[in-house]
$ cat data_0.txt   # compact mmCIF, C-alpha atoms (C1' of nucleotides)
# COMPACT_ATOMS: atom_id res chain seq x y z
CA MET A 1 0.00 0.00 0.00
CA THR A 2 1.34 3.40 -1.03
CA SER A 3 0.16 6.74 0.26
CA SER A 4 -0.74 9.52 -2.17
CA PRO A 5 -0.33 13.29 -1.65
CA VAL A 6 -3.21 14.88 0.24
CA LYS A 7 -4.01 17.31 -2.55
CA GLN A 8 -4.50 14.52 -5.10
CA LYS A 9 -6.98 12.41 -3.22
CA LEU A 10 -9.98 13.70 -5.17
CA PRO A 11 -11.61 11.37 -7.71
CA GLN A 12 -10.73 11.89 -11.37
CA GLU A 13 -14.35 12.81 -12.05
CA TRP A 14 -14.12 15.66 -9.56
CA GLN A 15 -10.89 16.97 -11.04
CA GLU A 16 -12.26 17.34 -14.55
CA VAL A 17 -15.07 19.75 -13.66
CA LEU A 18 -12.81 22.27 -11.93
CA ALA A 19 -12.63 25.74 -13.46
CA PRO A 20 -11.02 26.98 -15.60
CA HIS A 21 -10.68 23.63 -17.42
CA GLY A 22 -14.17 22.28 -16.77
CA LEU A 23 -16.68 22.21 -19.60
CA GLY A 24 -19.03 24.64 -17.89
CA TYR A 25 -16.44 27.33 -17.40
CA ARG A 26 -15.19 27.01 -20.97
CA ILE A 27 -18.72 27.49 -22.30
CA LYS A 28 -19.09 30.55 -20.11
CA LEU A 29 -15.71 31.81 -21.26
CA LEU A 30 -16.51 31.45 -24.96
CA SER A 31 -19.79 33.25 -24.39
CA GLN A 32 -18.00 35.99 -22.53
CA LEU A 33 -15.24 36.39 -25.12
CA LEU A 34 -17.80 36.63 -27.94
CA GLY A 35 -19.72 39.17 -25.87
CA ARG A 36 -16.62 41.29 -25.35
CA LYS A 37 -15.86 41.33 -29.10
CA PHE A 38 -19.40 42.30 -29.91
CA GLN A 39 -19.53 44.92 -27.20
CA GLU A 40 -16.43 46.67 -28.47
CA ARG A 41 -18.03 46.94 -31.91
CA LEU A 42 -21.37 48.16 -30.57
CA GLU A 43 -20.02 50.65 -28.05
CA PRO A 44 -19.16 53.34 -30.66
CA LEU A 45 -22.81 53.15 -31.77
CA GLY A 46 -24.07 53.64 -28.22
CA LEU A 47 -25.48 50.10 -28.15
CA THR A 48 -24.99 46.96 -26.05
CA PRO A 49 -25.25 43.25 -26.94
CA PHE A 50 -28.58 43.14 -25.13
CA HIS A 51 -29.95 45.90 -27.34
CA TRP A 52 -28.96 43.75 -30.32
CA VAL A 53 -30.96 40.71 -29.23
CA VAL A 54 -34.05 42.75 -28.43
CA LEU A 55 -33.80 44.46 -31.83
CA CYS A 56 -33.53 41.02 -33.47
CA CYS A 57 -36.86 40.01 -31.92
CA LEU A 58 -38.57 43.19 -33.06
CA TRP A 59 -37.18 43.00 -36.60
CA GLU A 60 -38.79 39.60 -36.87
CA GLU A 61 -42.07 40.83 -35.36
CA ASP A 62 -42.73 44.39 -34.29
CA GLY A 63 -45.08 45.33 -31.46
CA LEU A 64 -44.30 42.39 -29.18
CA ALA A 65 -45.37 42.41 -25.54
CA THR A 66 -42.61 42.61 -22.94
CA SER A 67 -43.47 39.09 -21.84
CA SER A 68 -43.18 37.76 -25.41
CA ILE A 69 -39.67 39.16 -25.74
CA SER A 70 -38.78 37.76 -22.36
CA GLU A 71 -40.06 34.34 -23.44
CA LYS A 72 -38.33 34.32 -26.84
CA LEU A 73 -35.01 35.17 -25.22
CA GLN A 74 -35.57 33.07 -22.10
CA GLN A 75 -34.69 36.11 -20.06
CA VAL A 76 -36.25 36.97 -16.73
CA GLY A 77 -38.83 39.76 -17.00
CA GLY A 78 -37.18 41.93 -14.39
CA THR A 79 -33.99 41.92 -16.42
CA LEU A 80 -35.76 43.32 -19.48
CA THR A 81 -37.36 46.30 -17.79
CA GLY A 82 -34.06 48.12 -17.31
CA VAL A 83 -32.86 47.24 -20.80
CA LEU A 84 -36.08 48.52 -22.36
CA ASP A 85 -35.85 51.69 -20.25
CA ARG A 86 -32.42 52.46 -21.69
CA MET A 87 -33.44 51.50 -25.22
CA GLU A 88 -36.38 53.87 -24.97
CA GLU A 89 -34.12 56.68 -23.71
CA ARG A 90 -31.82 56.09 -26.66
CA GLY A 91 -34.70 56.31 -29.06
CA LEU A 92 -34.54 52.74 -30.35
CA ILE A 93 -38.04 51.72 -29.25
CA ARG A 94 -41.23 53.15 -27.83
CA ARG A 95 -43.67 51.54 -25.37
CA GLU A 96 -47.40 51.64 -25.90
CA ARG A 97 -50.24 50.14 -23.89
CA ASP A 98 -52.27 47.45 -25.61
CA SER A 99 -55.74 48.88 -26.29
CA GLN A 100 -57.47 45.53 -25.59
CA ASP A 101 -55.60 44.53 -22.45
CA ARG A 102 -54.16 47.49 -20.61
CA ARG A 103 -51.88 45.32 -18.49
CA ILE A 104 -49.77 44.67 -21.56
CA TRP A 105 -47.12 47.04 -22.82
CA ARG A 106 -46.23 46.58 -26.48
CA ILE A 107 -42.78 47.44 -27.77
CA TRP A 108 -42.46 49.14 -31.16
CA LEU A 109 -39.36 49.98 -33.18
CA THR A 110 -38.65 53.61 -33.91
CA GLU A 111 -37.24 54.67 -37.26
CA ALA A 112 -33.74 54.55 -35.73
CA GLY A 113 -34.30 51.03 -34.42
CA GLU A 114 -35.60 49.89 -37.80
CA GLN A 115 -32.62 51.29 -39.66
CA LEU A 116 -30.06 49.38 -37.57
CA ARG A 117 -31.38 46.29 -39.37
CA GLU A 118 -29.01 47.19 -42.20
CA VAL A 119 -26.04 47.93 -39.97
CA LEU A 120 -25.78 45.34 -37.21
CA PRO A 121 -26.16 41.91 -38.86
CA PRO A 122 -22.91 42.22 -40.86
CA ILE A 123 -21.04 42.90 -37.62
CA ALA A 124 -22.56 39.77 -36.04
CA VAL A 125 -21.63 37.70 -39.09
CA GLU A 126 -18.06 38.95 -38.95
CA ILE A 127 -17.59 38.06 -35.29
CA ARG A 128 -19.23 34.65 -35.64
CA ASP A 129 -17.01 33.84 -38.62
CA SER A 130 -13.88 34.86 -36.75
CA ALA A 131 -14.77 32.33 -34.05
CA LEU A 132 -15.41 29.58 -36.59
CA ILE A 133 -12.14 29.86 -38.51
CA GLY A 134 -10.72 26.44 -39.33
CA LEU A 135 -13.99 24.60 -38.67
CA SER A 136 -15.46 22.69 -41.61
CA GLN A 137 -19.09 22.98 -42.61
CA SER A 138 -19.87 19.65 -40.98
CA GLU A 139 -18.04 20.55 -37.79
CA ARG A 140 -20.02 23.78 -37.56
CA GLN A 141 -23.25 21.89 -38.05
CA HIS A 142 -22.25 19.26 -35.50
CA PHE A 143 -21.38 21.89 -32.91
CA SER A 144 -24.67 23.66 -33.48
CA ASP A 145 -26.60 20.40 -33.09
CA LEU A 146 -24.83 19.40 -29.89
CA LEU A 147 -25.43 22.89 -28.52
CA ASP A 148 -29.16 22.57 -29.17
CA ARG A 149 -29.31 19.18 -27.51
CA MET A 150 -27.58 20.51 -24.41
CA ILE A 151 -29.95 23.49 -24.26
CA VAL A 152 -32.93 21.14 -24.43
CA ASN A 153 -31.41 18.94 -21.72
CA ILE A 154 -30.90 21.80 -19.34
CA SER A 155 -34.08 23.77 -20.02
CA MET B 1 -39.12 39.03 -62.06
CA THR B 2 -41.11 38.63 -58.86
CA SER B 3 -41.08 41.02 -55.93
CA SER B 4 -40.47 39.73 -52.42
CA PRO B 5 -41.93 41.08 -49.19
CA VAL B 6 -40.04 44.02 -47.75
CA LYS B 7 -39.22 42.22 -44.49
CA GLN B 8 -37.52 39.35 -46.32
CA LYS B 9 -35.01 41.35 -48.33
CA LEU B 10 -32.12 40.59 -46.00
CA PRO B 11 -29.48 38.11 -47.21
CA GLN B 12 -29.69 34.56 -45.88
CA GLU B 13 -26.37 35.06 -44.15
CA TRP B 14 -27.82 37.98 -42.18
CA GLN B 15 -30.90 36.03 -41.16
CA GLU B 16 -29.00 33.17 -39.59
CA VAL B 17 -27.12 35.25 -37.02
CA LEU B 18 -30.23 36.86 -35.56
CA ALA B 19 -30.98 36.13 -31.90
CA PRO B 20 -32.38 33.97 -30.47
CA HIS B 21 -31.51 31.44 -33.19
CA GLY B 22 -27.99 32.66 -33.97
CA LEU B 23 -25.03 30.64 -32.77
CA GLY B 24 -23.76 33.39 -30.49
CA TYR B 25 -26.98 33.77 -28.58
CA ARG B 26 -27.39 30.03 -28.16
CA ILE B 27 -23.91 29.78 -26.66
CA LYS B 28 -24.75 32.62 -24.30
CA LEU B 29 -28.05 30.95 -23.46
CA LEU B 30 -26.47 27.60 -22.62
CA SER B 31 -23.94 29.34 -20.44
CA GLN B 32 -26.70 31.27 -18.72
CA LEU B 33 -28.91 28.22 -18.16
CA LEU B 34 -26.00 26.27 -16.66
CA GLY B 35 -25.23 29.27 -14.47
CA ARG B 36 -28.80 29.44 -13.21
CA LYS B 37 -28.82 25.74 -12.31
CA PHE B 38 -25.56 26.07 -10.48
CA GLN B 39 -26.63 29.22 -8.72
CA GLU B 40 -29.79 27.64 -7.36
CA ARG B 41 -27.68 24.84 -5.86
CA LEU B 42 -25.08 27.21 -4.40
CA GLU B 43 -27.48 29.79 -3.02
CA PRO B 44 -28.50 27.70 0.05
CA LEU B 45 -24.79 27.52 0.91
CA GLY B 46 -24.39 31.30 0.66
CA LEU B 47 -22.16 30.93 -2.39
CA THR B 48 -22.22 32.11 -6.01
CA PRO B 49 -20.83 30.55 -9.22
CA PHE B 50 -18.02 33.06 -9.17
CA HIS B 51 -17.00 31.91 -5.70
CA TRP B 52 -16.80 28.39 -7.11
CA VAL B 53 -14.33 29.27 -9.87
CA VAL B 54 -12.09 31.24 -7.53
CA LEU B 55 -12.11 28.35 -5.06
CA CYS B 56 -11.15 25.98 -7.91
CA CYS B 57 -8.06 28.07 -8.61
CA LEU B 58 -7.03 28.11 -4.97
CA TRP B 59 -7.62 24.39 -4.47
CA GLU B 60 -5.15 23.82 -7.28
CA GLU B 61 -2.66 26.33 -5.86
CA ASP B 62 -3.17 28.26 -2.66
CA GLY B 63 -1.73 31.73 -2.07
CA LEU B 64 -2.15 33.05 -5.62
CA ALA B 65 -1.84 36.75 -6.38
CA THR B 66 -5.02 38.52 -7.45
CA SER B 67 -3.49 39.04 -10.89
CA SER B 68 -2.73 35.31 -11.23
CA ILE B 69 -6.35 34.39 -10.53
CA SER B 70 -7.50 37.04 -12.95
CA GLU B 71 -5.18 35.61 -15.62
CA LYS B 72 -6.17 31.97 -15.05
CA LEU B 73 -9.85 32.84 -15.38
CA GLN B 74 -9.37 35.44 -18.13
CA GLN B 75 -11.36 37.85 -16.01
CA VAL B 76 -10.70 41.57 -15.80
CA GLY B 77 -8.83 42.44 -12.59
CA GLY B 78 -11.36 45.01 -11.46
CA THR B 79 -14.09 42.38 -11.57
CA LEU B 80 -12.29 40.20 -9.05
CA THR B 81 -11.87 42.83 -6.37
CA GLY B 82 -15.56 42.88 -5.46
CA VAL B 83 -15.83 39.10 -5.59
CA LEU B 84 -12.83 38.70 -3.30
CA ASP B 85 -14.28 41.32 -0.93
CA ARG B 86 -17.45 39.27 -0.52
CA MET B 87 -15.54 35.98 -0.27
CA GLU B 88 -13.45 37.48 2.50
CA GLU B 89 -16.55 38.70 4.33
CA ARG B 90 -18.01 35.21 4.14
CA GLY B 91 -14.86 33.73 5.57
CA LEU B 92 -13.83 31.71 2.50
CA ILE B 93 -10.48 33.41 1.96
CA ARG B 94 -8.10 35.85 3.56
CA ARG B 95 -5.85 38.42 1.89
CA GLU B 96 -2.24 38.88 2.88
CA ARG B 97 0.45 41.17 1.50
CA ASP B 98 3.42 39.50 -0.17
CA SER B 99 6.46 40.00 2.04
CA GLN B 100 8.82 40.41 -0.94
CA ASP B 101 6.74 42.75 -3.10
CA ARG B 102 4.27 44.67 -1.02
CA ARG B 103 2.25 45.75 -4.08
CA ILE B 104 0.98 42.18 -4.35
CA TRP B 105 -1.87 40.78 -2.30
CA ARG B 106 -1.91 37.00 -1.98
CA ILE B 107 -5.16 35.08 -1.52
CA TRP B 108 -5.25 32.18 0.92
CA LEU B 109 -8.01 29.67 1.63
CA THR B 110 -9.48 29.59 5.11
CA GLU B 111 -10.44 26.30 6.71
CA ALA B 112 -14.01 26.83 5.49
CA GLY B 113 -12.84 27.44 1.93
CA GLU B 114 -10.66 24.34 2.04
CA GLN B 115 -13.48 22.13 3.26
CA LEU B 116 -15.80 23.04 0.39
CA ARG B 117 -13.41 21.02 -1.76
CA GLU B 118 -15.34 17.94 -0.63
CA VAL B 119 -18.78 19.46 -1.15
CA LEU B 120 -18.88 21.45 -4.39
CA PRO B 121 -17.32 19.22 -7.09
CA PRO B 122 -20.11 16.60 -6.89
CA ILE B 123 -22.67 19.35 -7.51
CA ALA B 124 -20.74 20.53 -10.56
CA VAL B 125 -20.51 16.96 -11.87
CA GLU B 126 -24.22 16.47 -11.45
CA ILE B 127 -25.16 19.61 -13.39
CA ARG B 128 -22.65 18.94 -16.16
CA ASP B 129 -23.97 15.38 -16.54
CA SER B 130 -27.56 16.57 -16.72
CA ALA B 131 -26.60 18.80 -19.66
CA LEU B 132 -24.78 15.95 -21.43
CA ILE B 133 -27.59 13.36 -21.28
CA GLY B 134 -27.89 11.51 -24.56
CA LEU B 135 -24.46 12.53 -25.83
CA SER B 136 -22.02 9.71 -26.55
CA GLN B 137 -18.45 9.74 -25.26
CA SER B 138 -17.17 10.74 -28.71
CA GLU B 139 -19.77 13.49 -29.08
CA ARG B 140 -18.75 14.90 -25.71
CA GLN B 141 -15.12 14.84 -26.73
CA HIS B 142 -15.88 16.42 -30.09
CA PHE B 143 -17.89 19.21 -28.49
CA SER B 144 -15.11 19.89 -26.02
CA ASP B 145 -12.54 20.03 -28.83
CA LEU B 146 -14.58 22.38 -31.00
CA LEU B 147 -15.17 24.58 -27.97
CA ASP B 148 -11.43 24.86 -27.36
CA ARG B 149 -10.75 25.70 -30.99
CA MET B 150 -13.34 28.49 -30.92
CA ILE B 151 -11.88 29.88 -27.70
CA VAL B 152 -8.43 29.96 -29.29
CA ASN B 153 -9.84 31.64 -32.41
CA ILE B 154 -11.54 34.39 -30.45
CA SER B 155 -8.87 34.98 -27.80
C1' DG C 1 18.34 60.58 -1.61
C1' DA C 2 14.81 62.59 -5.01
C1' DC C 3 12.45 62.04 -9.37
C1' DT C 4 10.31 59.26 -12.77
C1' DA C 5 8.36 55.20 -14.75
C1' DA C 6 6.27 50.74 -14.21
C1' DT C 7 3.34 47.43 -11.71
C1' DA C 8 -0.54 45.73 -8.68
C1' DT C 9 -4.58 46.80 -6.87
C1' DT C 10 -8.60 49.47 -5.60
C1' DA C 11 -12.61 52.74 -6.46
C1' DC C 12 -16.33 54.19 -9.17
C1' DG C 13 -20.04 54.21 -12.61
C1' DC C 14 -22.84 51.86 -15.91
C1' DA C 15 -25.02 47.76 -17.80
C1' DC C 16 -26.57 43.27 -17.07
C1' DC C 17 -28.89 39.38 -14.36
C1' DC C 18 -31.51 37.15 -10.84
C1' DT C 19 -35.08 36.85 -7.02
C1' DA C 20 -38.84 38.47 -4.50
C1' DA C 21 -42.18 41.83 -3.58
C1' DA C 22 -45.24 45.50 -5.17
C1' DT C 23 -48.49 47.49 -8.49
C1' DA C 24 -52.07 47.40 -11.76
C1' DA C 25 -55.45 45.50 -14.74
C1' DA C 26 -58.40 41.63 -16.20
C1' DT C 27 -61.07 37.49 -15.03
C1' DG C 28 -64.40 34.60 -12.90
C1' DA C 29 -67.25 32.86 -9.24
C1' DA C 30 -70.49 34.00 -5.28
C1' DT D 1 -71.88 43.60 -8.32
C1' DT D 2 -68.06 42.45 -5.52
C1' DC D 3 -64.01 40.43 -4.34
C1' DA D 4 -60.47 37.01 -4.53
C1' DT D 5 -57.46 35.19 -8.12
C1' DT D 6 -54.64 35.37 -12.01
C1' DT D 7 -51.70 37.75 -15.29
C1' DA D 8 -48.36 41.51 -16.94
C1' DT D 9 -45.15 44.46 -15.65
C1' DT D 10 -42.27 47.31 -12.65
C1' DT D 11 -39.56 48.15 -8.52
C1' DA D 12 -35.94 47.11 -5.24
C1' DG D 13 -31.75 45.10 -3.93
C1' DG D 14 -27.60 42.32 -4.35
C1' DG D 15 -24.05 40.22 -7.33
C1' DT D 16 -21.46 40.03 -11.79
C1' DG D 17 -18.69 42.20 -15.45
C1' DC D 18 -16.30 45.93 -17.94
C1' DG D 19 -13.65 50.31 -18.62
C1' DT D 20 -11.29 54.06 -16.67
C1' DA D 21 -9.15 56.66 -13.16
C1' DA D 22 -6.88 56.92 -8.78
C1' DT D 23 -3.74 55.01 -5.24
C1' DA D 24 0.16 52.58 -3.39
C1' DT D 25 4.38 50.34 -3.87
C1' DT D 26 8.53 49.09 -6.29
C1' DA D 27 12.27 49.79 -9.51
C1' DG D 28 15.23 52.52 -12.42
C1' DT D 29 17.84 56.93 -13.11
C1' DC D 30 20.33 60.97 -11.96

$ encode --input "data_0.txt" --output "C-alpha cells"
Amino acid sequence: MTSSPVKQKLPQEWQEVLAPHGLGYRIKLLSQLLGRKFQERLEPLGLTPFHWVVLCCLWEEDGLATSSISEKLQQVGGTLTGVLDRMEERGLIRRERDSQDRRIWRIWLTEAGEQLREVLPPIAVEIRDSALIGLSQSERQHFSDLLDRMIVNIS
Amino acid sequence: MTSSPVKQKLPQEWQEVLAPHGLGYRIKLLSQLLGRKFQERLEPLGLTPFHWVVLCCLWEEDGLATSSISEKLQQVGGTLTGVLDRMEERGLIRRERDSQDRRIWRIWLTEAGEQLREVLPPIAVEIRDSALIGLSQSERQHFSDLLDRMIVNIS
DNA sequence: GACTAATATTACGCACCCTAAATAAATGAA
DNA sequence: TTCATTTATTTAGGGTGCGTAATATTAGTC
C-alpha cells in the first residue's frame, strides 16, 4: 500500500469539472469572449449586446409584448425592464399600452431602431465567422446540433 | 421578375445570425442556463458561481496573487476585487500582503474554503452530466474540442 | 536621496442578471 | 356587483462584469 499526496486524493471525475478547465467554465468563457468582441463593436454606436438581441426580436415581429420578448429570449422579466428603459431613452423603441388589455405594454421599433437592421447583422456575421475559422461545414453543423441538444437537456 | 416582401429582403447570411436562433446567442443561453442551475444549488450555501471558480483556482494552488487568478480565469482584474471582498466577508479566503513585493496581495483559503473542496465538485458533476444526457463519449469529446478551438480563435 | 516610470490593486459608474415583492389590470365565481 | 385570483409588468436590492481613473508600492535613473 502506497500513500498519495493529500491534494491529489480527489476522484478523477471531480478533477475534470474544476474551473477553468471544466466544460461549464469554458462554455461561459466562450460566451464571454464573444460578448466582449461584440460589445467593443457596438459601443461606438451607443449600443450593447442586449440591445442587439431585443432588436432582433422586433425586426422579426414588431409590437411584441414585454413578456413575449422575455419568453423568446428566455430572459427573466425583471432583467428586461431596465434594458427597455435604456433602449427607450436612446430612441430605439417606444412603449405603448395594448388597447385591448391594458396590463400589456407593447414594444415598437422607432425609425432609428428599424434602420439598424441594415447595420448590425454584418457585424454579427463577422464576429461569428472569426470564431469559426478552421472549422469545416460539418463541424459547424455538428457543434450547433450538440449545442441545441444541451440546451434542451438543461431547459 | 417577382417582388419579395419588404421584411424578407435581408441576405440569408444575415438572417442566420439573428438572436435567439444565432449561434452566439445560443452559446450565451447555454452558459446562462447552466449558471442558473448552479446558482440555485449554491445559493443555500451562501455561495455564487463566481466563488466556485475562484475556489477551484485556490484548491489547485493556494496563495495566488489577485493578478494570477484574474489571468487563469481570463477575467478583468477590477471584476475580481468585489468578488474577493465578498468571499473574504463570508470567511472563505483571507488576503495577505506579499512580504517580498508589497504591491501584491496574496489570496489564501481559510479552513471553510478548504473544506468546500469535498462538497462542491459533486454538484458541478451532477449539473454537467444533466446537460450531457444523450451525448455519446465521442460526441462529448468532439464538443469539447470544437469549444477549445473556438476559444483559441476568439482569444 | 529625489524624481520618474512601471506594476498591482482598488474605487467608481454603468449595464446586465436574478429573485422576491409591489403594483395594476383583467377574469371569474359567489 | 363584488371580491379574490390570475396575469403583466415594474420596482428594489444584491451580485457580476467591464472600462477608466486613482492610489500605493517598487524599480530605475540621476

$ interface_residues --input "data_0.txt" --of "chain C" --to "chain B" --cutoff "9 Å" --atoms "all atoms listed in the file" --output "list in words"
DT7, DA8, DT9, DT10 and DC18 of chain C

$ atom_distance --input "data_0.txt" --atom1 "CA of Glu88 (chain A)" --atom2 "CA of Leu58 (chain A)"
13.6 Å

$ residues_around --input "data_0.txt" --residues "DG15 (chain D)" --least-positions-apart "2" --cutoff "9 Å" --atoms "only C-alpha atoms (C1' of nucleotides)" --output "ChimeraX atom specification"
/B:48,83 /C:17-18

$ interface_residues --input "data_0.txt" --of "chain D" --to "chain B" --cutoff "8 Å" --atoms "only C-alpha atoms (C1' of nucleotides)" --output "number ranges by chain"
D: 16-18, 24-26

$ write_last_selection --input "data_0.txt" --atoms "C-alpha atoms (C1' of nucleotides)" --output "short mmCIF file (atom, residue, chain, number, x, y, z; two decimals), in the frame of the given file"
data_model
loop_
_atom_site.label_atom_id
_atom_site.label_comp_id
_atom_site.auth_asym_id
_atom_site.auth_seq_id
_atom_site.Cartn_x
_atom_site.Cartn_y
_atom_site.Cartn_z
"C1'" DT D 16 -21.46 40.03 -11.79
"C1'" DG D 17 -18.69 42.20 -15.45
"C1'" DC D 18 -16.30 45.93 -17.94
"C1'" DA D 24 0.16 52.58 -3.39
"C1'" DT D 25 4.38 50.34 -3.87
"C1'" DT D 26 8.53 49.09 -6.29
#

$ residues_around --input "data_0.txt" --residues "Leu33 (chain A)" --least-positions-apart "3" --cutoff "8 Å" --atoms "only C-alpha atoms (C1' of nucleotides)" --output "list in words"
Leu29, Leu30, Arg36 and Lys37 of chain A; Ile151, Ile154 and Ser155 of chain B

$ atom_distance --input "data_0.txt" --atom1 "CA of Ala124 (chain B)" --atom2 "CA of Val17 (chain A)"
6.5 Å

$ closest_residue --input "data_0.txt" --among "B:Gln100, B:Gln141, B:Ser130, B:Ser136" --to "chain A" --atoms "only C-alpha atoms"
B:Ser130

$ closest_residue --input "data_0.txt" --among "B:Ser70, B:Ser99, B:Ser144, B:Thr110" --to "chain A" --atoms "all atoms listed in the file"
B:Ser144

$ atom_distance --input "data_0.txt" --atom1 "CA of Leu146 (chain A)" --atom2 "CA of Val54 (chain B)"
28.3 Å

$ residues_around --input "data_0.txt" --residues "Pro20 (chain A)" --least-positions-apart "4" --cutoff "10 Å" --atoms "all atoms listed in the file" --output "ChimeraX atom specification"
/A:16,24-26,28-29 /B:53-54,56-57,72-74

$ closest_residue --input "data_0.txt" --among "B:Glu40, B:Arg94, B:Trp59, B:Arg106" --to "chain A" --atoms "only C-alpha atoms"
B:Trp59

$ residues_near_point --input "data_0.txt" --point "(14.9, 59.5, -4.6)" --cutoff "10 Å" --atoms "all atoms listed in the file" --output "PyMOL selection string"
(chain C and resi 1-4) or (chain D and resi 29-30)

$ closest_residue --input "data_0.txt" --among "B:Leu45, B:Met87, B:Ile107, B:Ile69" --to "chain A" --atoms "all atoms listed in the file"
B:Ile69

$ closest_residue --input "data_0.txt" --among "B:Pro44, B:Gly91, B:Pro11, B:Gly113" --to "chain A" --atoms "all atoms listed in the file"
B:Pro11

$ closest_residue --input "data_0.txt" --among "B:Ala19, B:Leu42, B:Leu109, B:Leu92" --to "chain A" --atoms "all atoms listed in the file"
B:Ala19

$ residues_near_point --input "data_0.txt" --point "(-41.6, 52.0, -4.4)" --cutoff "8 Å" --atoms "only C-alpha atoms (C1' of nucleotides)" --output "VMD selection string"
(chain C and resid 22) or (chain D and resid 11 to 12)

$ axis_aligned_box --input "data_0.txt" --around "region 7-25 of chain D" --padding-each-side "8 Å" --output "JSON"
{"center_x": -23.7, "center_y": 47.3, "center_z": -11.0, "size_x": 72.1, "size_y": 35.2, "size_z": 31.2}

$ build_atoms --input "data_0.txt" --residues "region 95-113 of chain B" --atoms "N, CA and C atoms" --output "JSON list (two decimals), in the coordinates of the input"
[["chain", "number", "residue", "atom", "x", "y", "z"],
["B", 95, "ARG", "N", -6.84, 37.75, 2.71],
["B", 95, "ARG", "CA", -5.85, 38.42, 1.89],
["B", 95, "ARG", "C", -4.64, 38.74, 2.74],
["B", 96, "GLU", "N", -3.46, 38.61, 2.14],
["B", 96, "GLU", "CA", -2.24, 38.88, 2.88],
["B", 96, "GLU", "C", -1.22, 39.50, 1.91],
["B", 97, "ARG", "N", -0.56, 40.54, 2.36],
["B", 97, "ARG", "CA", 0.45, 41.17, 1.50],
["B", 97, "ARG", "C", 1.64, 40.26, 1.33],
["B", 98, "ASP", "N", 2.18, 40.24, 0.10],
["B", 98, "ASP", "CA", 3.42, 39.50, -0.17],
["B", 98, "ASP", "C", 4.55, 40.19, 0.57],
["B", 99, "SER", "N", 5.40, 39.39, 1.22],
["B", 99, "SER", "CA", 6.46, 40.00, 2.04],
["B", 99, "SER", "C", 7.60, 40.53, 1.16],
["B", 100, "GLN", "N", 7.77, 39.96, -0.03],
["B", 100, "GLN", "CA", 8.82, 40.41, -0.94],
["B", 100, "GLN", "C", 8.42, 41.69, -1.68],
["B", 101, "ASP", "N", 7.22, 41.62, -2.30],
["B", 101, "ASP", "CA", 6.74, 42.75, -3.10],
["B", 101, "ASP", "C", 5.39, 43.20, -2.54],
["B", 102, "ARG", "N", 5.46, 44.28, -1.77],
["B", 102, "ARG", "CA", 4.27, 44.67, -1.02],
["B", 102, "ARG", "C", 3.16, 45.28, -1.87],
["B", 103, "ARG", "N", 3.36, 45.35, -3.21],
["B", 103, "ARG", "CA", 2.25, 45.75, -4.08],
["B", 103, "ARG", "C", 1.25, 44.61, -4.25],
["B", 104, "ILE", "N", 1.78, 43.38, -4.08],
["B", 104, "ILE", "CA", 0.98, 42.18, -4.35],
["B", 104, "ILE", "C", 0.22, 41.70, -3.13],
["B", 105, "TRP", "N", -1.07, 41.44, -3.33],
["B", 105, "TRP", "CA", -1.87, 40.78, -2.30],
["B", 105, "TRP", "C", -2.01, 39.32, -2.67],
["B", 106, "ARG", "N", -1.73, 38.43, -1.73],
["B", 106, "ARG", "CA", -1.91, 37.00, -1.98],
["B", 106, "ARG", "C", -3.18, 36.52, -1.31],
["B", 107, "ILE", "N", -3.86, 35.57, -1.99],
["B", 107, "ILE", "CA", -5.16, 35.08, -1.52],
["B", 107, "ILE", "C", -4.98, 33.67, -0.98],
["B", 108, "TRP", "N", -5.39, 33.47, 0.27],
["B", 108, "TRP", "CA", -5.25, 32.18, 0.92],
["B", 108, "TRP", "C", -6.61, 31.63, 1.32],
["B", 109, "LEU", "N", -6.79, 30.33, 1.18],
["B", 109, "LEU", "CA", -8.01, 29.67, 1.63],
["B", 109, "LEU", "C", -8.08, 29.65, 3.14],
["B", 110, "THR", "N", -9.26, 29.86, 3.69],
["B", 110, "THR", "CA", -9.48, 29.59, 5.11],
["B", 110, "THR", "C", -9.84, 28.11, 5.24],
["B", 111, "GLU", "N", -10.01, 27.68, 6.47],
["B", 111, "GLU", "CA", -10.44, 26.30, 6.71],
["B", 111, "GLU", "C", -11.77, 26.03, 6.02],
["B", 112, "ALA", "N", -12.69, 26.99, 6.12],
["B", 112, "ALA", "CA", -14.01, 26.83, 5.49],
["B", 112, "ALA", "C", -13.89, 26.69, 3.98],
["B", 113, "GLY", "N", -13.02, 27.51, 3.38],
["B", 113, "GLY", "CA", -12.84, 27.44, 1.93],
["B", 113, "GLY", "C", -12.23, 26.11, 1.52]]
